[in-house]
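Shown next: run-v2.json, given as JSON, C-alpha atoms.
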[["chain", "number", "residue", "atom", "x", "y", "z"],
["A", 1, "MET", "CA", 0.00, 0.00, 0.00],
["A", 2, "GLU", "CA", 2.87, 2.37, 0.70],
["A", 3, "ASN", "CA", 3.97, 2.01, -2.91],
["A", 4, "GLN", "CA", 0.61, 3.39, -4.05],
["A", 5, "ALA", "CA", 0.92, 6.61, -2.06],
["A", 6, "LEU", "CA", 4.64, 6.98, -2.66],
["A", 7, "GLY", "CA", 4.37, 6.22, -6.36],
["A", 8, "LEU", "CA", 1.69, 8.89, -6.74],
["A", 9, "ALA", "CA", 3.74, 11.40, -4.74],
["A", 10, "GLU", "CA", 6.83, 10.71, -6.84],
["A", 11, "ALA", "CA", 4.80, 11.18, -10.03],
["A", 12, "VAL", "CA", 3.63, 14.58, -8.76],
["A", 13, "GLN", "CA", 7.21, 15.45, -7.83],
["A", 14, "ARG", "CA", 8.40, 14.70, -11.37],
["A", 15, "LEU", "CA", 5.85, 17.19, -12.68],
["A", 16, "PHE", "CA", 6.22, 19.88, -10.02],
["A", 17, "SER", "CA", 9.23, 20.53, -7.77],
["A", 18, "SER", "CA", 8.26, 19.10, -4.39],
["A", 19, "ARG", "CA", 9.60, 17.64, -1.18],
["A", 20, "ILE", "CA", 8.18, 14.28, -0.11],
["A", 21, "VAL", "CA", 7.88, 13.40, 3.57],
["A", 22, "VAL", "CA", 6.82, 9.82, 4.31],
["A", 23, "LYS", "CA", 4.66, 9.18, 7.38],
["A", 24, "ARG", "CA", 4.11, 5.57, 8.45],
["A", 25, "ILE", "CA", 1.37, 5.13, 11.03],
["A", 26, "ARG", "CA", -0.28, 2.32, 12.93],
["A", 27, "TRP", "CA", -2.85, 2.19, 15.68],
["A", 28, "ARG", "CA", -2.35, 0.62, 19.07],
["A", 29, "LYS", "CA", -3.56, -2.97, 18.95],
["A", 30, "ALA", "CA", -6.41, -2.27, 21.37],
["A", 31, "PHE", "CA", -7.83, 0.42, 19.06],
["A", 32, "ASP", "CA", -6.98, -0.91, 15.61],
["A", 33, "LYS", "CA", -10.38, -2.51, 14.98],
["A", 34, "LEU", "CA", -12.39, 0.48, 16.14],
["A", 35, "PRO", "CA", -14.52, 2.24, 13.52],
["A", 36, "SER", "CA", -12.67, 5.13, 11.91],
["A", 37, "ALA", "CA", -15.13, 7.64, 13.41],
["A", 38, "LEU", "CA", -14.08, 6.68, 16.93],
["A", 39, "LYS", "CA", -10.32, 6.90, 16.48],
["A", 40, "ALA", "CA", -8.24, 9.77, 17.87],
["A", 41, "THR", "CA", -4.56, 10.53, 17.42],
["A", 42, "TRP", "CA", -3.73, 9.56, 21.01],
["A", 43, "MET", "CA", -4.64, 5.99, 20.00],
["A", 44, "LEU", "CA", -1.74, 5.82, 17.52],
["A", 45, "ASP", "CA", 1.04, 3.38, 18.34],
["A", 46, "PRO", "CA", 4.21, 5.00, 19.75],
["A", 47, "SER", "CA", 6.11, 3.57, 16.78],
["A", 48, "SER", "CA", 4.11, 5.76, 14.37],
["A", 49, "ASP", "CA", 5.60, 8.83, 12.80],
["A", 50, "PRO", "CA", 4.13, 12.05, 14.21],
["A", 51, "VAL", "CA", 1.24, 13.20, 12.04],
["A", 52, "GLU", "CA", 1.72, 16.90, 12.68],
["A", 53, "PRO", "CA", 4.51, 18.80, 10.86],
["A", 54, "ALA", "CA", 7.92, 19.13, 12.46],
["A", 55, "ALA", "CA", 8.62, 22.21, 14.54],
["A", 56, "GLY", "CA", 8.81, 25.32, 12.40],
["A", 57, "GLU", "CA", 7.18, 23.65, 9.38],
["A", 58, "ALA", "CA", 3.72, 24.17, 7.94],
["A", 59, "TRP", "CA", 1.12, 21.60, 7.04],
["A", 60, "PRO", "CA", 1.80, 20.23, 3.53],
["A", 61, "ASP", "CA", 0.13, 21.51, 0.39],
["A", 62, "LEU", "CA", -0.67, 17.93, -0.58],
["A", 63, "TRP", "CA", -1.49, 14.87, 1.53],
["A", 64, "ILE", "CA", -1.62, 11.45, -0.16],
["A", 65, "ALA", "CA", -2.69, 8.45, 1.90],
["A", 66, "THR", "CA", -3.52, 4.80, 1.34],
["A", 67, "GLY", "CA", -5.27, 2.19, 3.43],
["A", 68, "ARG", "CA", -7.92, 1.87, 6.10],
["A", 69, "ALA", "CA", -5.58, 2.91, 8.90],
["A", 70, "THR", "CA", -5.10, 6.37, 7.37],
["A", 71, "LEU", "CA", -8.79, 7.25, 7.01],
["A", 72, "PRO", "CA", -9.35, 8.87, 10.45],
["A", 73, "LEU", "CA", -6.36, 11.13, 9.76],
["A", 74, "SER", "CA", -7.17, 11.95, 6.13],
["A", 75, "ALA", "CA", -10.69, 12.97, 7.14],
["A", 76, "ARG", "CA", -9.31, 15.58, 9.58],
["A", 77, "VAL", "CA", -6.24, 16.95, 7.79],
["A", 78, "ARG", "CA", -8.15, 19.74, 6.11],
["A", 79, "GLN", "CA", -9.39, 20.95, 9.51],
["A", 80, "TRP", "CA", -5.97, 20.62, 11.15],
["A", 81, "SER", "CA", -4.32, 22.58, 8.35],
["A", 82, "GLY", "CA", -6.87, 25.35, 8.37],
["A", 83, "GLY", "CA", -8.04, 24.31, 4.91],
["A", 84, "LYS", "CA", -4.54, 24.55, 3.39],
["A", 85, "THR", "CA", -3.89, 20.87, 2.66],
["A", 86, "PHE", "CA", -5.33, 19.18, -0.44],
["A", 87, "VAL", "CA", -6.23, 15.62, 0.58],
["A", 88, "VAL", "CA", -5.90, 12.65, -1.79],
["A", 89, "GLN", "CA", -6.95, 9.16, -0.77],
["A", 90, "THR", "CA", -6.19, 6.14, -2.94],
["A", 91, "GLN", "CA", -8.36, 3.01, -3.14],
["A", 92, "ASP", "CA", -12.04, 3.12, -2.14],
["A", 93, "PRO", "CA", -12.28, 4.64, 1.37],
["A", 94, "ARG", "CA", -15.80, 3.25, 1.91],
["A", 95, "TRP", "CA", -16.15, 5.83, 4.66],
["A", 96, "ARG", "CA", -16.98, 9.54, 4.34],
["A", 97, "ASN", "CA", -16.04, 9.59, 0.68],
["A", 98, "ASP", "CA", -17.12, 13.22, 0.45],
["A", 99, "VAL", "CA", -14.47, 14.63, 2.82],
["A", 100, "TYR", "CA", -11.44, 14.01, 0.58],
["A", 101, "ASP", "CA", -10.52, 16.46, -2.16],
["A", 102, "LEU", "CA", -9.76, 13.59, -4.55],
["A", 103, "ILE", "CA", -10.11, 9.81, -4.42],
["A", 104, "VAL", "CA", -7.86, 7.94, -6.87],
["A", 105, "ALA", "CA", -9.69, 4.63, -7.04],
["A", 106, "PRO", "CA", -9.28, 1.49, -9.14],
["A", 107, "ALA", "CA", -11.87, 1.46, -11.91],
["A", 108, "HIS", "CA", -12.70, -2.14, -11.02],
["A", 109, "ASP", "CA", -13.96, -0.99, -7.58],
["A", 110, "GLY", "CA", -16.77, 0.98, -9.25],
["A", 111, "VAL", "CA", -16.44, 4.11, -7.07],
["A", 112, "VAL", "CA", -18.24, 7.16, -8.45],
["A", 113, "GLY", "CA", -18.45, 10.79, -7.42],
["A", 114, "ALA", "CA", -17.40, 14.31, -8.37],
["A", 115, "ASN", "CA", -14.21, 13.88, -6.36],
["A", 116, "VAL", "CA", -13.36, 10.42, -7.77],
["A", 117, "MET", "CA", -10.81, 9.66, -10.46],
["A", 118, "SER", "CA", -10.86, 6.09, -11.74],
["A", 119, "VAL", "CA", -7.62, 4.43, -12.86],
["A", 120, "THR", "CA", -6.84, 1.01, -14.27],
["A", 121, "GLY", "CA", -5.23, -0.94, -11.44],
["A", 122, "SER", "CA", -3.53, 1.09, -8.72],
["A", 123, "PRO", "CA", -0.88, 3.82, -8.60],
["A", 124, "HIS", "CA", 2.64, 2.41, -8.40],
["A", 125, "ARG", "CA", 6.35, 3.28, -8.51],
["A", 126, "VAL", "CA", 7.27, 1.62, -11.82],
["A", 127, "THR", "CA", 8.88, 4.13, -14.18],
["A", 128, "THR", "CA", 11.33, 3.88, -17.06],
["A", 129, "ASP", "CA", 14.12, 5.33, -14.90],
["A", 130, "ARG", "CA", 13.41, 3.05, -11.95],
["A", 131, "LEU", "CA", 13.35, -0.02, -14.19],
["A", 132, "ALA", "CA", 16.68, 1.00, -15.74],
["A", 133, "GLU", "CA", 18.18, 1.57, -12.30],
["A", 134, "GLY", "CA", 16.95, -1.80, -11.07],
["A", 135, "ALA", "CA", 18.16, -3.56, -14.19],
["A", 136, "ALA", "CA", 21.71, -2.22, -13.83],
["A", 137, "ALA", "CA", 22.28, -4.18, -10.62],
["A", 138, "PHE", "CA", 21.29, -7.48, -12.25],
["A", 139, "ALA", "CA", 22.39, -6.93, -15.85],
["A", 140, "ASP", "CA", 25.31, -9.36, -15.61],
["A", 141, "ARG", "CA", 22.94, -12.16, -14.53],
["A", 142, "LEU", "CA", 19.85, -11.42, -16.61],
["A", 143, "GLU", "CA", 21.01, -9.91, -19.89],
["A", 144, "PRO", "CA", 22.82, -13.10, -21.05],
["A", 145, "LEU", "CA", 19.74, -15.28, -20.43],
["A", 146, "PRO", "CA", 18.20, -16.84, -23.54],
["A", 147, "GLN", "CA", 15.19, -15.06, -24.94],
["A", 148, "PRO", "CA", 12.34, -14.88, -24.54],
["A", 149, "ARG", "CA", 12.97, -13.97, -20.91],
["A", 150, "VAL", "CA", 9.83, -14.69, -18.90],
["A", 151, "ALA", "CA", 9.12, -12.95, -15.59],
["A", 152, "ALA", "CA", 6.72, -14.89, -13.35],
["A", 153, "LEU", "CA", 5.19, -12.83, -10.53],
["A", 154, "ILE", "CA", 3.49, -15.17, -8.07],
["A", 155, "GLY", "CA", 1.06, -14.03, -5.40],
["A", 156, "GLY", "CA", -0.67, -16.20, -2.84],
["A", 157, "ARG", "CA", -3.60, -16.62, -0.52],
["A", 158, "SER", "CA", -6.05, -13.75, -0.15],
["A", 159, "ARG", "CA", -9.72, -13.38, 0.71],
["A", 160, "ALA", "CA", -10.66, -14.22, -2.88],
["A", 161, "PHE", "CA", -7.98, -16.69, -4.00],
["A", 162, "ASP", "CA", -5.73, -19.48, -2.81],
["A", 163, "LEU", "CA", -2.56, -21.11, -4.12],
["A", 164, "SER", "CA", -2.31, -24.71, -2.94],
["A", 165, "GLU", "CA", 0.78, -26.85, -3.34],
["A", 166, "ALA", "CA", -0.92, -28.95, -6.03],
["A", 167, "HIS", "CA", -2.12, -25.91, -7.97],
["A", 168, "ALA", "CA", 1.33, -24.33, -7.72],
["A", 169, "ALA", "CA", 2.89, -27.49, -9.11],
["A", 170, "ASP", "CA", 0.43, -27.51, -12.01],
["A", 171, "LEU", "CA", 1.16, -23.85, -12.79],
["A", 172, "ALA", "CA", 4.89, -24.57, -12.66],
["A", 173, "ASP", "CA", 4.53, -27.41, -15.17],
["A", 174, "ARG", "CA", 2.56, -25.18, -17.54],
["A", 175, "ILE", "CA", 5.09, -22.37, -17.21],
["A", 176, "ALA", "CA", 8.00, -24.76, -17.78],
["A", 177, "GLY", "CA", 6.32, -26.20, -20.86],
["A", 178, "ALA", "CA", 5.84, -22.76, -22.40],
["A", 179, "ILE", "CA", 9.41, -21.65, -21.71],
["A", 180, "GLU", "CA", 10.94, -24.89, -22.95],
["A", 181, "ALA", "CA", 8.90, -24.72, -26.16],
["A", 182, "ALA", "CA", 10.12, -21.17, -26.77],
["A", 183, "GLY", "CA", 13.73, -21.90, -25.81],
["A", 184, "GLY", "CA", 13.62, -19.09, -23.26],
["A", 185, "SER", "CA", 14.48, -18.47, -19.61],
["A", 186, "LEU", "CA", 12.72, -17.78, -16.32],
["A", 187, "MET", "CA", 12.82, -14.93, -13.80],
["A", 188, "LEU", "CA", 10.66, -15.99, -10.85],
["A", 189, "THR", "CA", 9.67, -14.05, -7.75],
["A", 190, "PHE", "CA", 7.11, -14.63, -5.01],
["A", 191, "SER", "CA", 5.10, -12.29, -2.83],
["A", 192, "ARG", "CA", 4.96, -12.32, 0.96],
["A", 193, "ARG", "CA", 1.54, -14.00, 0.63],
["A", 194, "THR", "CA", 2.87, -17.02, -1.26],
["A", 195, "PRO", "CA", 2.45, -20.14, 0.94],
["A", 196, "GLU", "CA", 5.76, -21.87, 1.66],
["A", 197, "ALA", "CA", 4.53, -25.19, 0.27],
["A", 198, "ALA", "CA", 3.51, -23.53, -3.01],
["A", 199, "LYS", "CA", 6.81, -21.67, -3.19],
["A", 200, "ALA", "CA", 8.78, -24.87, -2.66],
["A", 201, "ALA", "CA", 6.75, -26.79, -5.24],
["A", 202, "MET", "CA", 7.20, -24.16, -7.93],
["A", 203, "SER", "CA", 10.89, -23.64, -7.20],
["A", 204, "ALA", "CA", 11.60, -27.37, -7.40],
["A", 205, "ARG", "CA", 9.74, -27.86, -10.67],
["A", 206, "LEU", "CA", 11.26, -24.80, -12.35],
["A", 207, "ALA", "CA", 14.84, -25.03, -11.06],
["A", 208, "HIS", "CA", 16.06, -26.80, -14.22],
["A", 209, "LEU", "CA", 15.26, -23.83, -16.43],
["A", 210, "PRO", "CA", 17.92, -21.23, -17.21],
["A", 211, "GLY", "CA", 17.26, -18.07, -15.23],
["A", 212, "LEU", "CA", 16.93, -16.75, -11.70],
["A", 213, "ILE", "CA", 14.54, -17.76, -8.91],
["A", 214, "TRP", "CA", 14.68, -15.15, -6.18],
["A", 215, "ASP", "CA", 14.60, -16.70, -2.72],
["A", 216, "GLY", "CA", 13.97, -13.45, -0.87],
["A", 217, "GLU", "CA", 17.58, -12.98, 0.16],
["A", 218, "GLY", "CA", 19.72, -10.05, -0.92],
["A", 219, "ALA", "CA", 18.73, -7.26, -3.30],
["A", 220, "ASN", "CA", 15.23, -7.51, -4.76],
["A", 221, "PRO", "CA", 15.35, -8.09, -8.55],
["A", 222, "TYR", "CA", 11.69, -7.16, -9.12],
["A", 223, "PHE", "CA", 12.35, -4.02, -11.17],
["A", 224, "ALA", "CA", 15.11, -5.80, -13.09],
["A", 225, "PHE", "CA", 12.74, -8.65, -13.91],
["A", 226, "LEU", "CA", 10.20, -6.18, -15.30],
["A", 227, "LYS", "CA", 12.87, -4.42, -17.35],
["A", 228, "PHE", "CA", 14.37, -7.55, -18.93],
["A", 229, "ALA", "CA", 11.09, -9.44, -19.42],
["A", 230, "ASP", "CA", 9.87, -10.24, -22.92],
["A", 231, "HIS", "CA", 6.76, -11.73, -21.29],
["A", 232, "ILE", "CA", 5.28, -11.25, -17.82],
["A", 233, "LEU", "CA", 3.15, -13.90, -16.09],
["A", 234, "VAL", "CA", 1.08, -12.59, -13.16],
["A", 235, "THR", "CA", -1.24, -14.53, -10.85],
["A", 236, "GLU", "CA", -4.78, -13.18, -10.95],
["A", 237, "ASP", "CA", -4.89, -12.31, -7.24],
["A", 238, "SER", "CA", -2.82, -9.11, -7.48],
["A", 239, "ALA", "CA", -4.16, -5.89, -8.98],
["A", 240, "ASN", "CA", -0.89, -4.13, -8.13],
["A", 241, "MET", "CA", 1.38, -6.56, -9.97],
["A", 242, "ALA", "CA", -0.92, -6.63, -13.00],
["A", 243, "ALA", "CA", -0.94, -2.83, -13.25],
["A", 244, "GLU", "CA", 2.83, -2.65, -12.82],
["A", 245, "ALA", "CA", 3.38, -5.32, -15.45],
["A", 246, "ALA", "CA", 1.08, -3.52, -17.88],
["A", 247, "SER", "CA", 3.18, -0.36, -17.56],
["A", 248, "THR", "CA", 6.13, -2.07, -19.27],
["A", 249, "GLY", "CA", 4.68, -2.79, -22.71],
["A", 250, "ALA", "CA", 5.55, -6.49, -22.44],
["A", 251, "PRO", "CA", 2.71, -9.00, -23.00],
["A", 252, "VAL", "CA", 1.02, -9.77, -19.67],
["A", 253, "HIS", "CA", -0.32, -13.31, -19.18],
["A", 254, "ILE", "CA", -2.76, -13.81, -16.29],
["A", 255, "LEU", "CA", -2.24, -17.05, -14.32],
["A", 256, "PRO", "CA", -5.33, -18.65, -12.76],
["A", 257, "MET", "CA", -5.63, -19.20, -9.01],
["A", 258, "ILE", "CA", -8.05, -21.24, -6.90],
["A", 259, "PRO", "CA", -11.15, -19.07, -6.31],
["A", 260, "LEU", "CA", -12.38, -18.91, -2.72],
["A", 261, "LYS", "CA", -15.34, -16.62, -3.44],
["A", 262, "PRO", "CA", -16.65, -14.55, -6.35],
["A", 263, "ALA", "CA", -14.02, -12.05, -7.43],
["A", 264, "ASP", "CA", -15.94, -9.73, -9.73],
["A", 265, "LYS", "CA", -13.62, -6.79, -9.23],
["A", 266, "PHE", "CA", -10.61, -8.81, -10.42],
["A", 267, "ALA", "CA", -12.61, -9.97, -13.42],
["A", 268, "ARG", "CA", -13.36, -6.32, -14.21],
["A", 269, "LEU", "CA", -9.69, -5.40, -13.90],
["A", 270, "HIS", "CA", -8.57, -8.19, -16.22],
["A", 271, "ALA", "CA", -11.29, -7.26, -18.71],
["A", 272, "ASP", "CA", -10.03, -3.66, -18.60],
["A", 273, "LEU", "CA", -6.46, -4.83, -19.25],
["A", 274, "ARG", "CA", -7.66, -7.00, -22.13],
["A", 275, "GLU", "CA", -9.51, -4.06, -23.68],
["A", 276, "ARG", "CA", -6.32, -2.01, -23.46],
["A", 277, "GLY", "CA", -4.45, -4.81, -25.22],
["A", 278, "ALA", "CA", -2.13, -5.39, -22.28],
["A", 279, "ALA", "CA", -3.19, -8.74, -20.82],
["A", 280, "ARG", "CA", -4.65, -12.08, -21.80],
["A", 281, "PRO", "CA", -5.30, -15.30, -19.88],
["A", 282, "PHE", "CA", -2.27, -17.61, -19.94],
["A", 283, "ASP", "CA", -3.02, -20.37, -22.45],
["A", 284, "GLY", "CA", 0.21, -22.33, -22.06],
["A", 285, "SER", "CA", 2.01, -20.51, -24.86],
["A", 286, "LEU", "CA", 4.06, -17.34, -25.17],
["A", 287, "ASN", "CA", 2.24, -15.50, -27.92],
["A", 288, "VAL", "CA", 3.57, -12.03, -28.69],
["A", 289, "TRP", "CA", 1.48, -8.87, -28.95],
["A", 290, "SER", "CA", 2.03, -5.15, -28.46],
["A", 291, "TYR", "CA", 0.15, -2.31, -26.76],
["A", 292, "ALA", "CA", 0.72, 1.18, -25.41],
["A", 293, "PRO", "CA", 2.14, 0.83, -21.88],
["A", 294, "LEU", "CA", -0.24, 2.03, -19.19],
["A", 295, "ALA", "CA", 0.67, 5.36, -17.56],
["A", 296, "GLU", "CA", -2.16, 5.64, -15.04],
["A", 297, "THR", "CA", 0.00, 6.94, -12.18],
["A", 298, "VAL", "CA", 1.21, 9.83, -14.34],
["A", 299, "ARG", "CA", -2.34, 10.55, -15.46],
["A", 300, "ALA", "CA", -3.48, 10.67, -11.83],
["A", 301, "ALA", "CA", -0.60, 13.00, -10.93],
["A", 302, "HIS", "CA", -1.65, 15.42, -13.67],
["A", 303, "GLU", "CA", -5.23, 15.36, -12.33],
["A", 304, "ILE", "CA", -4.03, 16.04, -8.77],
["A", 305, "LEU", "CA", -1.99, 19.03, -9.86],
["A", 306, "ALA", "CA", -4.80, 20.41, -12.03],
["A", 307, "ARG", "CA", -7.24, 20.24, -9.12],
["A", 308, "LEU", "CA", -4.72, 21.48, -6.57],
["A", 309, "MET", "CA", -3.83, 24.51, -8.66],
["A", 310, "THR", "CA", -7.46, 25.52, -9.19],
["A", 311, "ALA", "CA", -8.68, 24.80, -5.66],
["A", 312, "SER", "CA", -8.70, 27.39, -2.91],
["A", 313, "PRO", "CA", -9.11, 26.77, 0.83],
["A", 314, "GLY", "CA", -12.41, 28.62, 0.80],
["A", 315, "SER", "CA", -13.88, 26.41, -1.90],
["A", 316, "ARG", "CA", -12.99, 23.13, -0.23]]
Would you put the structure from the file into structure tokens?
Amino acid sequence: MENQALGLAEAVQRLFSSRIVVKRIRWRKAFDKLPSALKATWMLDPSSDPVEPAAGEAWPDLWIATGRATLPLSARVRQWSGGKTFVVQTQDPRWRNDVYDLIVAPAHDGVVGANVMSVTGSPHRVTTDRLAEGAAAFADRLEPLPQPRVAALIGGRSRAFDLSEAHAADLADRIAGAIEAAGGSLMLTFSRRTPEAAKAAMSARLAHLPGLIWDGEGANPYFAFLKFADHILVTEDSANMAAEAASTGAPVHILPMIPLKPADKFARLHADLRERGAARPFDGSLNVWSYAPLAETVRAAHEILARLMTASPGSR
């Protein structure tokens, strides 16, 4: 979630000279589950960054926040700042949606309103420069790999999907078959939600392929994988990884997971990506296609600046 807020802030900074200050907050365990309306700043965990500006500094011109934990703060920033701060909330707040100056929400969530901007996927930190920077650290290991180089981004269990050991093994066999048929190589990474049994099963069945399987140790090759990938395989449980993959211009293949309940919003996201020409369901082959890379984070940054520049404290 931090990457959503930070990616959006960095996109604004690239358009307008700015200073970014990151605030990480959490609520004391006893108060974390309270409704947002009942939370007060004294309930924040001592490990949180102070919400108020440092001594001698003013409230920021722009506040960007992500996640349920930030809602009680985002709803009050305008009051605390005397109307100075323009408040942006990403995702669907589902609480007091009218108090934020702008909500940058995934189109697949279906949020509507005069203060809502819909984007495909979620804001993120993937840029051409960041991919090039990430690739430089792994160029000696990834550039010599046989093409097509295939990045596989594997998620895990969530409220809507699961990844069992057996399903992971089946996915691994299908991935291996496609790469072997194309004479390519593999760049494999897992998320923190990937079950250990699934991770072990996939790693064992794909270890014979040329490439790199990241075990979570050392520098993270995620950006390098995206940069060097000729194809990107993404499990269907992650809107973030799908949006990031679709910002590269490489064909994005959606890997099926085990459904735990109806996941209409993910279906809407994947349909959106298909309409944009970015993604297709993985059919066991590495077909090639092209599309205009998504630039939704940049588009959202332009919208934030346009609204910020025309807004005045008295009109908000």
| remark: Min atom-atom distance to A:Lys39 from the set A:Arg14, A:Ala54, A:Arg76, A:Ala65, counting all atoms listed in the file, belongs to A:Arg76
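The smallest atom-to-atom distance between A:Pro35 and any of A:Phe282, A:Trp95, A:Trp214, A:Phe86, using only C-alpha atoms, is found for A:Trp95.
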| said: Just want the 8 Å neighbourhood of A:Gly121, counted on only C-alpha atoms, with same-chain residues fewer than 5 positions away dropped. Output as a ChimeraX atom specification. | reply: /A:106-108,239-240,242-243,269
| message | To one decimal place in Å, what is the distance between atom CA of A:Arg19 and atom CA of A:Pro60? | response | 9.5 Å
| Selected residue, from A:Ala224, A:Ala166, A:Ala55, A:Ala69, that lies nearest to A:Ala139 when counting all atoms listed in the file | A:Ala224
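In this model, the gap between atom CA of A:Ala245 and atom CA of A:Arg299 comes to 16.9 Å.
The nearest approach to A:Arg268 among the residues A:Leu233, A:Thr120, A:Gly113, A:Arg125, with all atoms listed in the file taken into account, belongs to A:Thr120.
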| said: Please report the interatomic distance between atom CA of A:Ala37 and atom CA of A:Leu73 in Å with one decimal. | reply: 10.1 Å
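Checking A:Met187, A:Leu260, A:Ala201, A:Val12 one by one against A:Glu165, counting all atoms listed in the file, you find the shortest gap at A:Ala201.
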| All residues 8 Å or closer to A:Gly184, all atoms listed in the file, same chain fewer than 6 positions away omitted, as a VMD selection string | chain A and resid 145 to 150 210
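Checking A:Thr128, A:Ala9, A:Asp109, A:Ser17 one by one against A:Leu62, counting all atoms listed in the file, you find the shortest gap at A:Ala9.
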| task | Write out as number ranges by chain each polymer residue whose atoms come within 12 Å of A:Ile175, counting only C-alpha atoms; drop sequence neighbours fewer than 2 positions from it. | result | A: 150-154, 168-173, 177-182, 184-188, 202-203, 205-207, 209, 231-235, 253-256, 282-286
| request: Write out as a VMD selection string each polymer residue whose atoms come within 12 Å of A:Ala306, counting all atoms listed in the file; drop sequence neighbours fewer than 3 positions from it. | output: chain A and resid 12 15 to 16 86 102 299 to 303 309 to 311
| query | What lies within 12 Å of A:Arg276 using only C-alpha atoms, ignoring chain neighbours under 4 positions off, as a list in words? | reply | Thr120, Ala243, Ala246, Ser247, Gly249, Pro251, Val252, Leu269, His270, Ala271, Asp272, Arg280, Trp289, Ser290, Tyr291, Ala292, Pro293, Leu294 and Ala295 of chain A
